[in-house]
>>> print(open('upload36.txt').read())   # compact mmCIF, C-alpha atoms and all ligand atoms
# COMPACT_ATOMS: atom_id res chain seq x y z
CA MET Y 1 117.46 136.15 38.27
CA TYR Y 2 120.44 136.28 40.61
CA ARG Y 3 122.30 133.09 41.61
CA GLY Y 4 119.21 131.02 40.88
CA LYS Y 5 116.85 133.27 42.85
CA ARG Y 6 114.02 135.22 41.24
CA ILE Y 7 114.09 138.89 42.12
CA SER Y 8 110.92 140.96 42.61
CA VAL Y 9 110.91 144.70 43.15
CA VAL Y 10 107.82 146.07 44.94
CA ILE Y 11 107.05 149.79 44.59
CA PRO Y 12 104.06 151.45 46.32
CA CYS Y 13 102.81 154.45 44.36
CA HIS Y 14 100.29 157.12 45.11
CA ASN Y 15 100.21 159.64 42.27
CA GLU Y 16 103.80 159.10 41.10
CA GLU Y 17 103.38 159.31 37.33
CA GLU Y 18 106.56 161.37 36.91
CA GLY Y 19 108.76 159.45 39.32
CA ILE Y 20 107.79 155.90 38.43
CA ALA Y 21 108.87 156.23 34.79
CA ALA Y 22 112.36 157.34 35.89
CA VAL Y 23 112.62 154.52 38.45
CA LEU Y 24 111.54 151.80 36.01
CA ALA Y 25 113.93 153.06 33.33
CA GLN Y 26 116.89 152.42 35.66
CA MET Y 27 115.86 148.91 36.71
CA PRO Y 28 118.86 146.52 36.33
CA SER Y 29 118.57 143.29 34.32
CA VAL Y 30 118.81 141.02 37.41
CA VAL Y 31 115.26 142.04 38.30
CA ASP Y 32 112.67 139.50 37.12
CA GLU Y 33 109.51 141.43 37.90
CA VAL Y 34 108.50 144.84 39.12
CA VAL Y 35 105.25 145.02 41.05
CA VAL Y 36 103.87 148.55 41.16
CA VAL Y 37 101.10 148.88 43.74
CA ASP Y 38 98.80 151.58 42.47
CA ASN Y 39 97.53 153.01 45.74
CA ALA Y 40 94.36 154.91 44.85
CA SER Y 41 96.18 157.11 42.31
CA THR Y 42 94.16 159.70 40.48
CA ASP Y 43 96.82 160.38 37.85
CA ARG Y 44 98.34 158.15 35.12
CA THR Y 45 100.66 156.17 37.46
CA ALA Y 46 99.19 152.77 36.53
CA GLU Y 47 99.28 153.46 32.81
CA VAL Y 48 102.87 154.74 32.85
CA ALA Y 49 104.05 151.78 34.95
CA ARG Y 50 102.32 149.25 32.69
CA THR Y 51 103.82 150.81 29.60
CA ALA Y 52 107.28 150.60 31.17
CA GLY Y 53 106.83 146.84 31.70
CA ALA Y 54 105.77 146.66 35.36
CA ARG Y 55 102.97 144.51 36.74
CA VAL Y 56 100.41 146.87 38.23
CA VAL Y 57 98.45 145.71 41.27
CA PRO Y 58 95.61 148.03 42.31
CA GLU Y 59 95.05 148.79 46.00
CA ALA Y 60 92.12 151.07 46.69
CA ARG Y 61 92.73 151.35 50.47
CA LYS Y 62 95.20 154.18 51.00
CA GLY Y 63 98.30 153.78 53.11
CA TYR Y 64 102.01 153.11 52.64
CA GLY Y 65 101.90 149.92 54.74
CA ARG Y 66 98.65 148.78 53.17
CA ALA Y 67 100.20 149.14 49.71
CA TYR Y 68 103.28 147.16 50.73
CA LYS Y 69 101.26 144.29 52.20
CA THR Y 70 99.34 143.99 48.93
CA GLY Y 71 102.59 144.15 46.97
CA PHE Y 72 104.28 141.45 49.07
CA ALA Y 73 101.33 139.13 48.57
CA ALA Y 74 101.48 139.67 44.80
CA ALA Y 75 105.28 139.34 44.41
CA ARG Y 76 106.44 135.98 43.10
CA GLY Y 77 110.20 136.29 43.60
CA ASP Y 78 112.44 134.49 46.11
CA VAL Y 79 114.02 137.80 47.05
CA ILE Y 80 112.02 141.02 47.42
CA VAL Y 81 113.46 144.49 46.96
CA THR Y 82 111.47 147.60 47.89
CA MET Y 83 111.78 151.27 47.00
CA ASP Y 84 109.66 154.40 46.51
CA GLY Y 85 108.30 155.35 43.12
CA ASP Y 86 109.86 158.79 43.35
CA GLY Y 87 113.48 158.34 42.26
CA THR Y 88 115.01 158.75 45.73
CA TYR Y 89 116.33 155.18 46.00
CA PRO Y 90 118.94 153.91 43.52
CA PRO Y 91 117.85 150.88 41.44
CA ASP Y 92 121.48 150.53 40.31
CA SER Y 93 122.44 149.52 43.87
CA ILE Y 94 120.26 146.40 43.66
CA PRO Y 95 123.00 144.09 42.25
CA LEU Y 96 125.41 145.04 45.04
CA LEU Y 97 122.77 144.54 47.73
CA LEU Y 98 121.90 141.14 46.25
CA TYR Y 99 125.57 140.19 46.19
CA VAL Y 100 125.92 141.00 49.90
CA LEU Y 101 122.68 139.17 50.70
CA ALA Y 102 124.00 136.01 49.02
CA GLU Y 103 127.66 136.23 50.07
CA GLU Y 104 127.01 137.07 53.70
CA ARG Y 105 124.00 134.75 53.91
CA VAL Y 106 121.90 137.61 55.24
CA ASP Y 107 118.09 137.45 55.40
CA PHE Y 108 117.27 141.14 55.55
CA ILE Y 109 119.18 144.23 54.41
CA SER Y 110 118.02 147.76 55.11
CA ALA Y 111 119.60 150.37 52.86
CA ARG Y 112 120.79 153.36 54.86
CA ARG Y 113 120.52 156.69 53.05
CA TRP Y 114 124.07 157.85 53.40
CA ARG Y 115 124.74 160.72 51.00
CA SER Y 116 122.84 162.56 48.36
CA ARG Y 117 124.05 162.03 44.81
CA SER Y 118 123.59 165.68 43.98
CA GLY Y 119 125.31 166.81 47.18
CA GLU Y 120 122.11 168.47 48.40
CA SER Y 121 121.08 167.30 51.83
CA LYS Y 122 117.57 166.86 53.20
CA SER Y 123 115.82 169.68 55.05
CA PRO Y 124 116.96 170.13 58.69
CA ILE Y 125 113.51 169.28 60.03
CA ARG Y 126 113.54 165.93 58.21
CA LEU Y 127 117.08 165.18 59.35
CA LEU Y 128 116.08 165.96 62.94
CA GLY Y 129 112.92 163.85 62.69
CA ASN Y 130 114.85 160.92 61.29
CA ALA Y 131 117.51 161.25 63.99
CA ILE Y 132 114.87 161.27 66.76
CA LEU Y 133 113.04 158.24 65.38
CA SER Y 134 116.25 156.28 64.75
CA GLY Y 135 117.58 157.23 68.19
CA ALA Y 136 114.33 156.13 69.84
CA THR Y 137 114.49 152.83 67.93
CA MET Y 138 118.05 152.20 69.16
CA CYS Y 139 117.19 153.05 72.78
CA LEU Y 140 113.97 151.04 72.90
CA PHE Y 141 115.10 147.95 71.01
CA PHE Y 142 118.89 147.98 71.57
CA LYS Y 143 119.55 147.60 67.85
CA PHE Y 144 121.90 149.86 65.98
CA ILE Y 145 119.66 150.99 63.12
CA ASN Y 146 120.99 154.24 61.69
CA ASP Y 147 118.16 154.99 59.29
CA SER Y 148 114.98 153.56 60.75
CA GLN Y 149 112.84 155.37 58.15
CA SER Y 150 114.56 154.11 55.00
CA GLY Y 151 112.15 152.67 52.43
CA MET Y 152 114.62 150.41 50.63
CA TRP Y 153 114.92 146.86 51.92
CA VAL Y 154 116.18 143.64 50.35
CA PHE Y 155 115.05 140.42 51.97
CA ARG Y 156 114.40 136.75 51.34
CA ARG Y 157 110.77 135.93 50.83
CA ASP Y 158 110.73 133.22 53.51
CA ALA Y 159 111.89 135.79 56.08
CA LEU Y 160 108.64 137.64 55.51
CA GLN Y 161 106.61 134.91 57.24
CA LYS Y 162 108.76 135.31 60.35
CA ILE Y 163 108.59 139.10 60.27
CA ASP Y 164 104.87 139.52 59.43
CA PRO Y 165 104.60 143.36 59.35
CA ARG Y 166 101.08 144.72 59.95
CA HIS Y 167 100.99 148.51 60.08
CA ASP Y 168 98.92 150.16 57.33
CA GLY Y 169 100.73 153.51 57.37
CA MET Y 170 104.25 154.93 57.17
CA ALA Y 171 105.20 153.16 60.43
CA LEU Y 172 105.49 149.89 58.51
CA SER Y 173 108.98 151.02 57.56
CA GLU Y 174 110.27 151.00 61.15
CA GLU Y 175 108.08 148.04 62.10
CA ILE Y 176 109.57 145.75 59.45
CA LYS Y 177 113.12 146.66 60.48
CA ILE Y 178 112.50 146.17 64.20
CA LEU Y 179 110.80 142.84 63.62
CA ALA Y 180 113.66 141.66 61.39
CA PHE Y 181 116.55 142.96 63.48
CA THR Y 182 115.16 141.59 66.74
CA HIS Y 183 114.20 138.20 65.33
CA PRO Y 184 116.46 135.51 66.76
CA ASP Y 185 116.52 133.46 63.54
CA LEU Y 186 117.26 136.25 61.06
CA ARG Y 187 120.59 137.72 60.02
CA CYS Y 188 120.20 141.43 59.29
CA LEU Y 189 122.43 144.18 58.03
CA GLU Y 190 122.29 147.88 57.24
CA MET Y 191 124.15 149.01 54.11
CA PRO Y 192 124.84 152.56 52.92
CA ILE Y 193 123.43 153.81 49.61
CA TYR Y 194 123.41 157.11 47.76
CA TYR Y 195 120.01 158.74 47.48
CA GLY Y 196 118.64 160.96 44.75
CA GLU Y 197 116.38 163.95 44.43
CA ARG Y 198 112.66 163.37 44.79
CA ILE Y 199 110.66 163.59 41.57
CA GLY Y 200 107.11 164.79 42.11
CA GLU Y 201 105.26 165.87 45.22
CA SER Y 202 106.08 164.30 48.61
CA LYS Y 203 103.27 162.29 50.24
CA LEU Y 204 104.84 162.48 53.65
CA ASN Y 205 103.06 164.55 56.28
CA ILE Y 206 106.06 165.40 58.44
CA TRP Y 207 104.29 166.14 61.75
CA ARG Y 208 101.44 163.65 61.55
CA ASP Y 209 103.58 160.78 60.26
CA GLY Y 210 106.45 161.71 62.58
CA PHE Y 211 104.34 161.55 65.74
CA THR Y 212 102.45 158.45 64.56
CA ASN Y 213 105.79 156.70 64.05
CA LEU Y 214 107.08 157.79 67.45
CA PHE Y 215 103.97 156.56 69.30
CA PHE Y 216 104.04 153.36 67.31
CA LEU Y 217 107.61 152.71 68.53
CA ALA Y 218 106.47 153.00 72.15
CA ARG Y 219 103.46 150.75 71.56
CA MET Y 220 105.60 148.21 69.79
CA ARG Y 221 108.13 148.15 72.64
CA PHE Y 222 105.42 146.86 74.97
CA GLY Y 223 103.66 144.64 72.44
CA LEU Y 224 106.65 142.94 70.81
CA GLY Y 225 107.07 140.16 73.38
CA ARG Y 226 103.38 139.27 73.31
CA ARG Y 227 103.42 139.28 69.53
CA ARG Y 228 106.47 136.99 69.37
CA ARG Y 229 104.93 134.56 71.85
CA ALA Y 230 101.70 134.47 69.84
CA ALA Y 231 103.69 133.72 66.69
CA LEU Y 232 105.43 130.82 68.45
CA VAL Y 233 102.20 128.92 69.13
CA THR Y 234 102.03 126.23 66.52
CA PRO Y 235 98.52 126.13 65.12
CA LEU Y 236 96.76 122.82 65.44
CA PRO Y 237 96.20 120.92 62.21
CA PRO Y 238 92.85 121.64 60.53
CA ALA Y 239 89.90 119.63 61.81
CA GLU Y 240 89.73 117.13 58.93
CA GLU Y 241 93.42 116.26 59.28
CA GLU Y 242 93.32 115.93 63.06
CA PRO Y 243 95.02 112.73 64.15
CA THR Y 244 92.84 109.95 65.41
CA PRO Y 245 92.79 109.77 69.22
CA ALA Y 246 95.41 107.39 70.58
CA ARG Y 247 92.82 104.82 71.69
CA ALA Y 248 91.43 104.48 68.20
CA ILE Y 249 94.86 103.84 66.68
CA GLN Y 250 95.20 100.22 65.72
CA PRO Y 251 98.90 99.47 65.70
CA TRP Y 252 98.13 95.78 65.20
CA PRO Y 253 94.94 93.75 64.86
CA GLY Y 254 93.18 93.16 68.13
CA TRP Y 255 94.44 96.34 69.82
CA ARG Y 256 91.04 97.93 70.10
CA SER Y 257 89.30 94.90 71.48
CA ALA Y 258 92.07 94.39 74.02
CA SER Y 259 91.95 97.95 75.26
CA ARG Y 260 88.19 97.77 75.66
CA THR Y 261 88.45 94.67 77.77
CA ARG Y 262 88.64 95.13 81.54
CA ARG Y 263 92.25 95.17 82.70
CA ARG Y 264 92.14 91.94 84.73
CA ASP Y 265 90.76 90.08 81.70
CA ILE Y 266 93.73 90.90 79.57
CA SER Y 267 95.82 87.86 79.08
CA PRO Y 268 98.86 87.66 76.82
CA THR Y 269 96.91 85.54 74.36
CA ARG Y 270 93.88 87.82 74.17
CA TRP Y 271 95.98 90.97 74.15
CA SER Y 272 98.23 90.18 71.30
CA GLY Y 273 97.48 90.32 67.67
CA ARG Y 274 101.21 90.01 67.30
CA PRO Y 275 102.78 86.62 67.77
CA GLY Y 276 104.66 86.26 71.03
CA ALA Y 277 103.48 89.53 72.52
CA THR Y 278 102.88 89.89 76.26
CA VAL Y 279 100.95 92.50 78.20
CA ARG Y 280 104.04 94.34 79.45
CA GLY Y 281 106.22 93.73 76.45
CA SER Y 282 103.66 94.47 73.79
CA SER Y 283 103.32 98.20 74.19
CA PRO Y 284 102.19 99.99 71.06
CA PRO Y 285 104.74 102.28 69.49
CA PRO Y 286 105.13 105.66 71.20
CA TRP Y 287 103.08 108.38 69.59
CA ARG Y 288 103.85 112.04 69.21
CA SER Y 289 101.47 114.51 70.79
CA PRO Y 290 100.87 117.29 68.25
CA THR Y 291 100.10 119.88 70.90
CA ARG Y 292 102.64 119.01 73.63
CA ARG Y 293 105.32 117.94 71.14
CA THR Y 294 106.26 115.01 73.33
CA TRP Y 295 106.66 111.37 72.57
CA THR Y 296 104.44 109.39 74.87
CA SER Y 297 104.03 105.71 75.44
CA CYS Y 298 100.55 104.39 75.86
CA PRO Y 299 99.48 104.64 79.51
CA ALA Y 300 97.04 101.72 79.16
CA CYS Y 301 99.71 99.11 78.75
CA CYS Y 302 102.83 100.86 80.03
CA SER Y 303 101.60 101.96 83.44
CA ASP Y 304 102.21 99.91 86.53
CA THR Y 305 99.54 98.91 89.01
CA ARG Y 306 99.54 102.38 90.62
CA GLY Y 307 98.85 104.01 87.29
CA ARG Y 308 102.36 105.46 86.90
CA THR Y 309 103.74 105.52 83.41
CA THR Y 310 106.64 103.17 83.08
CA GLY Y 311 107.16 103.54 79.36
CA ALA Y 312 109.57 106.02 77.83
CA SER Y 313 108.39 109.60 77.50
CA ARG Y 314 110.75 112.04 75.97
CA THR Y 315 110.56 115.55 74.65
CA ARG Y 316 112.20 116.34 71.37
N1 LIG S 1 102.76 158.75 52.28
C1 LIG S 1 102.15 157.84 51.52
N2 LIG S 1 102.87 157.23 50.54
C2 LIG S 1 102.24 156.32 49.79
C3 LIG S 1 100.91 155.97 50.00
N3 LIG S 1 100.58 155.00 49.12
C4 LIG S 1 101.67 154.80 48.39
N4 LIG S 1 102.68 155.60 48.76
C5 LIG S 1 104.03 155.62 48.17
O1 LIG S 1 105.01 155.33 49.16
C6 LIG S 1 106.21 155.95 48.82
C7 LIG S 1 106.72 156.76 49.98
O2 LIG S 1 106.09 158.02 50.08
P1 LIG S 1 106.94 159.37 50.02
O3 LIG S 1 106.04 160.52 49.78
O4 LIG S 1 108.05 159.19 49.05
O5 LIG S 1 107.49 159.47 51.50
P2 LIG S 1 109.01 159.62 51.96
O6 LIG S 1 109.90 158.82 51.10
O7 LIG S 1 109.03 159.38 53.41
O8 LIG S 1 109.26 161.17 51.72
P3 LIG S 1 110.14 161.87 50.58
O9 LIG S 1 111.48 162.02 51.18
O10 LIG S 1 109.45 163.16 50.34
O11 LIG S 1 110.16 161.00 49.39
C8 LIG S 1 105.97 156.75 47.55
O12 LIG S 1 106.34 155.99 46.42
C9 LIG S 1 104.48 156.95 47.60
O13 LIG S 1 103.91 157.14 46.32
C10 LIG S 1 100.17 156.60 51.04
O14 LIG S 1 99.00 156.36 51.27
N5 LIG S 1 100.85 157.52 51.77
MG MG S 2 110.16 158.89 49.04
>>> encode(input="upload36.txt", output="structure tokens")
Amino acid sequence: MYRGKRISVVIPCHNEEEGIAAVLAQMPSVVDEVVVVDNASTDRTAEVARTAGARVVPEARKGYGRAYKTGFAAARGDVIVTMDGDGTYPPDSIPLLLYVLAEERVDFISARRWRSRSGESKSPIRLLGNAILSGATMCLFFKFINDSQSGMWVFRRDALQKIDPRHDGMALSEEIKILAFTHPDLRCLEMPIYYGERIGESKLNIWRDGFTNLFFLARMRFGLGRRRRAALVTPLPPAEEEPTPARAIQPWPGWRSASRTRRRDISPTRWSGRPGATVRGSSPPPWRSPTRRTWTSCPACCSDTRGRTTGASRTR
């Protein structure tokens, strides 16, 4: 628990029995739950994680993104922290990242791998690949993201609904950052961290994953606008809760019978169920259209003889 917020750490694992034990042993006390997504492991990953106190969620469908989506759905915290189960990301940086998240009122932090703790740097091919992908991200989306492939993020749970990442593979890492950093309602930040040596065998396929991520960036550049617009459409309420059509609303007794009567027959006395009401002055209260989001007066009683609406109609 940190400043009244529950903290969940989500870790996707595919055959990480050596790494996960080391990661869980370093977990700071602010963390309320650790969700280890056991992604089709054939070793003792699940058993080791459970013994170390983590909640293990099985996910039989392989894929880094697939594992994360399952983990996010299972996490119960208000703030979600992610990292690999291989010891590369520092669990002891979590309190500092949470402090910045709260102090700066940020919604999403991506941890940038700055320097290696042991002083050993990554292989040149990986450094080059990361530079190309991060450079392409900056050029295509005009966002200064130094480490687009980092797997450590700290974000508020409610931001996840706005981001809605979908990719099943390694590209989820860049997808989630692009969606967060380009979202108009989210405050995002990149913070440097030290990274450690990998424990166990890498699951990254440098060429395949590298090119998949690069093509995904291009596809996302063209699809992002459409995706944002689709997310903006407010879904209609479910059928059973659909509001009654305006004509069936009975703001006062006698409304229905009056509206069914031919227009020339409507007299102030017949029209009103309300004492003292007149045809023009007795308009029913404006109603809010759930699809158009406008407040509309009833055209039946507020329109003039040419059928023009005379009542107030305003958009909120
Ligand atoms: N690549 C990959 N990783 C998975 C999968 N399912 C879970 N994971 C986990 O996702 C995390 C990231 O994979 P890594 O192999 O560490 O990839 P990486 O961090 O880009 O590469 P390294 O620098 O070698 O660690 C690890 O904890 C994996 O165990 C999967 O299907 N594919
Ligand atoms: Mg890793």
>>> residues_near_ligand(input="upload36.txt", ligand="ligand MG 2 (chain S)", cutoff="6 Å", atoms="only C-alpha atoms and all ligand atoms", output="JSON, numbers by chain")
{"Y": [84, 86, 88]}
>>> residues_around(input="upload36.txt", residues="range 217-229 of chain Y", least_positions_apart="6", cutoff="12 Å", atoms="all atoms listed in the file", output="ChimeraX atom specification")
/Y:132-142,148-149,162-167,171-180,182-184,210-211
>>> residues_near_ligand(input="upload36.txt", ligand="ligand LIG 1 (chain S)", cutoff="9 Å", atoms="all atoms listed in the file", output="ChimeraX atom specification")
/Y:11-16,19-20,37-41,59,61-68,83-89,122,126,149-151,168-170,197-206,209
>>> write_last_selection(input="upload36.txt", atoms="C-alpha atoms", output="tab-separated table (two decimals), in the coordinates of the input")
chain	number	residue	atom	x	y	z
Y	11	ILE	CA	107.05	149.79	44.59
Y	12	PRO	CA	104.06	151.45	46.32
Y	13	CYS	CA	102.81	154.45	44.36
Y	14	HIS	CA	100.29	157.12	45.11
Y	15	ASN	CA	100.21	159.64	42.27
Y	16	GLU	CA	103.80	159.10	41.10
Y	19	GLY	CA	108.76	159.45	39.32
Y	20	ILE	CA	107.79	155.90	38.43
Y	37	VAL	CA	101.10	148.88	43.74
Y	38	ASP	CA	98.80	151.58	42.47
Y	39	ASN	CA	97.53	153.01	45.74
Y	40	ALA	CA	94.36	154.91	44.85
Y	41	SER	CA	96.18	157.11	42.31
Y	59	GLU	CA	95.05	148.79	46.00
Y	61	ARG	CA	92.73	151.35	50.47
Y	62	LYS	CA	95.20	154.18	51.00
Y	63	GLY	CA	98.30	153.78	53.11
Y	64	TYR	CA	102.01	153.11	52.64
Y	65	GLY	CA	101.90	149.92	54.74
Y	66	ARG	CA	98.65	148.78	53.17
Y	67	ALA	CA	100.20	149.14	49.71
Y	68	TYR	CA	103.28	147.16	50.73
Y	83	MET	CA	111.78	151.27	47.00
Y	84	ASP	CA	109.66	154.40	46.51
Y	85	GLY	CA	108.30	155.35	43.12
Y	86	ASP	CA	109.86	158.79	43.35
Y	87	GLY	CA	113.48	158.34	42.26
Y	88	THR	CA	115.01	158.75	45.73
Y	89	TYR	CA	116.33	155.18	46.00
Y	122	LYS	CA	117.57	166.86	53.20
Y	126	ARG	CA	113.54	165.93	58.21
Y	149	GLN	CA	112.84	155.37	58.15
Y	150	SER	CA	114.56	154.11	55.00
Y	151	GLY	CA	112.15	152.67	52.43
Y	168	ASP	CA	98.92	150.16	57.33
Y	169	GLY	CA	100.73	153.51	57.37
Y	170	MET	CA	104.25	154.93	57.17
Y	197	GLU	CA	116.38	163.95	44.43
Y	198	ARG	CA	112.66	163.37	44.79
Y	199	ILE	CA	110.66	163.59	41.57
Y	200	GLY	CA	107.11	164.79	42.11
Y	201	GLU	CA	105.26	165.87	45.22
Y	202	SER	CA	106.08	164.30	48.61
Y	203	LYS	CA	103.27	162.29	50.24
Y	204	LEU	CA	104.84	162.48	53.65
Y	205	ASN	CA	103.06	164.55	56.28
Y	206	ILE	CA	106.06	165.40	58.44
Y	209	ASP	CA	103.58	160.78	60.26
>>> atom_distance(input="upload36.txt", atom1="CA of Ala54 in chain Y", atom2="CA of Leu96 in chain Y")
22.0 Å
>>> closest_residue(input="upload36.txt", among="Y:Leu24, Y:Met191, Y:Ala230, Y:Ile109", to="Ala52 in chain Y", atoms="all atoms listed in the file")
Y:Leu24
>>> atom_distance(input="upload36.txt", atom1="CA of Ser8 in chain Y", atom2="CA of Ile94 in chain Y")
10.9 Å
>>> closest_residue(input="upload36.txt", among="Y:Ile7, Y:Thr51, Y:Val81, Y:Leu101", to="Arg187 in chain Y", atoms="all atoms listed in the file")
Y:Leu101
>>> atom_distance(input="upload36.txt", atom1="CA of Asp92 in chain Y", atom2="CA of Met152 in chain Y")
12.4 Å
>>> closest_residue(input="upload36.txt", among="Y:Pro58, Y:Pro90, Y:Gly4, Y:Pro192", to="Ile145 in chain Y", atoms="all atoms listed in the file")
Y:Pro192
